[in-house]
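Engineer: Below: one structure in structure tokens.
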Amino acid sequence: MARATWAEDLVAAWYAREGYDIVARNWRCARGELDIVAWRGGVLVVCEVKARRNANHGDPFEAITPRKIARLRRATAAFVAEHRSRSELRFHELRFDGAAVCGSKLEVRQSIL
């Protein structure tokens with residue numbers, strides 16, 4: 001659990017350095033959980049974070065399965081519905097990113113869907 005929190009902190013800091021506002025972290029609903037939700041210039045980004053101590057058990061991105069993607073989509077729909085009235089979150093583009101932390105190396109892949 002500590003590694004996951006550390007990885008999410010690392011990814012959130014990366015988005016902040018890139019000029020994004022972090023809207024939510026570990027947002028939960030009955031449909032699933034969103035690790036990081038960020039916003040910049042009309043683009044709402046939902047980022048799934050995967051962390052591994054090392055690559056012995058495969059690439060962290062391999063853990064973002066079709067089943068996980070379906071849960072992300074359902075949870076994102078719930079998030080958007082719940083926050084629809086927040087004018088500062090109006091967006092014209094919705095993007096799903098994946099972030100992998102392997103050891104201390106961070107890789108963010110934009111538009112994984």
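Naming scheme: A, B, ... for chains in displayed order of the structure tokens; residues 1 onward per chain; ligands 1 onward as shown.
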Please return as an MDAnalysis selection string: the residues of chain A that backbone DSSP assigns to strand (DSSP E).
Structural biologist: chainID A and resid 21:29 32:40 43:52 93:102 105:109
Engineer: Show me, as a PyMOL selection string, the residues that have an atom within 12 Å of region 16-27 of chain A when counting only C-alpha atoms, minus same-chain residues fewer than 5 positions from it.
Structural biologist: chain A and resi 4-5+8-11+32-49+72+75-76+78-80+82-83+86+88-89+108
Engineer: For the atom pair CA of Phe61 (chain A) and CA of Cys102 (chain A), what is the interatomic distance in Å to one decimal place?
Structural biologist: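 Result for CA of Phe61 (chain A) versus CA of Cys102 (chain A): 10.0 Å, one decimal.
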Engineer: Given the choices A:Lys50, A:Ala7, A:Ser85, A:Ala2, which gets closest to Asp97 (chain A) if the distance is worked out from only C-alpha atoms?
Structural biologist: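 Closest candidate: A:Lys50.
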Engineer: Would you mind reading off the distance between CA of Phe91 (chain A) and CA of Ala77 (chain A), one decimal, in Å?
Structural biologist: 13.5 Å
Engineer: Which one of A:Arg84, A:Tyr15, A:Cys29, A:Pro66 sits closest to Gln110 (chain A) if you count only C-alpha atoms?
Structural biologist: A:Tyr15
Engineer: Determine which residues of chain A DSSP labels as alpha helix (DSSP H) from the backbone of this structure, then write them out as a ChimeraX atom specification.
Structural biologist: /A:2-17,66-82
Engineer: Residues as selected, C-alpha atoms, written as a tab-separated table (two decimals), in the first residue's frame, can you do that?
Structural biologist:
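Writing the result to again17.tsv gives the following:
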chain	number	residue	atom	x	y	z
A	2	ALA	CA	2.85	2.40	0.77
A	3	ARG	CA	4.36	1.81	-2.68
A	4	ALA	CA	1.02	2.58	-4.35
A	5	THR	CA	0.61	5.81	-2.39
A	6	TRP	CA	4.19	6.82	-3.16
A	7	ALA	CA	3.65	6.08	-6.87
A	8	GLU	CA	0.42	8.10	-6.94
A	9	ASP	CA	2.22	11.01	-5.24
A	10	LEU	CA	4.96	10.81	-7.90
A	11	VAL	CA	2.41	10.79	-10.74
A	12	ALA	CA	0.37	13.64	-9.22
A	13	ALA	CA	3.57	15.71	-8.92
A	14	TRP	CA	4.36	14.97	-12.59
A	15	TYR	CA	0.93	16.24	-13.68
A	16	ALA	CA	1.34	19.35	-11.51
A	17	ARG	CA	4.74	20.07	-13.12
A	66	PRO	CA	-9.73	-4.66	-20.71
A	67	ARG	CA	-11.72	-5.43	-17.56
A	68	LYS	CA	-9.91	-2.64	-15.69
A	69	ILE	CA	-10.51	-0.25	-18.58
A	70	ALA	CA	-14.24	-1.02	-18.49
A	71	ARG	CA	-14.30	-0.21	-14.76
A	72	LEU	CA	-12.41	3.04	-15.42
A	73	ARG	CA	-14.97	4.06	-18.02
A	74	ARG	CA	-17.90	3.33	-15.70
A	75	ALA	CA	-16.28	5.18	-12.78
A	76	THR	CA	-15.41	8.11	-15.05
A	77	ALA	CA	-19.03	8.38	-16.20
A	78	ALA	CA	-20.10	8.52	-12.54
A	79	PHE	CA	-17.44	11.15	-11.77
A	80	VAL	CA	-18.49	13.35	-14.69
A	81	ALA	CA	-22.17	13.03	-13.74
A	82	GLU	CA	-21.43	13.95	-10.12
Engineer: Using only C-alpha atoms, determine which residues lie at most 9 Å from Asn54 (chain A), disregarding the query and same-chain residues fewer than 6 positions distant; provide the list as an MDAnalysis selection string.
Structural biologist: chainID A and resid 101:104
Engineer: Convert the current residue selection to file output with all heavy atoms, as a tab-separated table (two decimals), in the first residue's frame.
Structural biologist:
chain	number	residue	atom	x	y	z
A	101	VAL	N	5.06	3.06	-12.54
A	101	VAL	CA	6.25	3.33	-11.75
A	101	VAL	C	6.89	1.97	-11.49
A	101	VAL	O	6.29	1.10	-10.86
A	101	VAL	CB	5.89	4.03	-10.41
A	101	VAL	CG1	7.14	4.26	-9.59
A	101	VAL	CG2	5.16	5.34	-10.69
A	102	CYS	N	8.08	1.81	-12.04
A	102	CYS	CA	8.82	0.56	-11.87
A	102	CYS	C	10.13	0.92	-11.19
A	102	CYS	O	10.96	1.62	-11.78
A	102	CYS	CB	9.06	-0.10	-13.22
A	102	CYS	SG	9.62	-1.80	-13.08
A	103	GLY	N	10.28	0.47	-9.94
A	103	GLY	CA	11.40	0.95	-9.14
A	103	GLY	C	11.15	2.43	-8.87
A	103	GLY	O	10.13	2.79	-8.30
A	104	SER	N	12.05	3.28	-9.33
A	104	SER	CA	11.85	4.73	-9.18
A	104	SER	C	11.63	5.41	-10.53
A	104	SER	O	11.58	6.62	-10.62
A	104	SER	CB	13.06	5.35	-8.48
A	104	SER	OG	14.22	5.15	-9.25
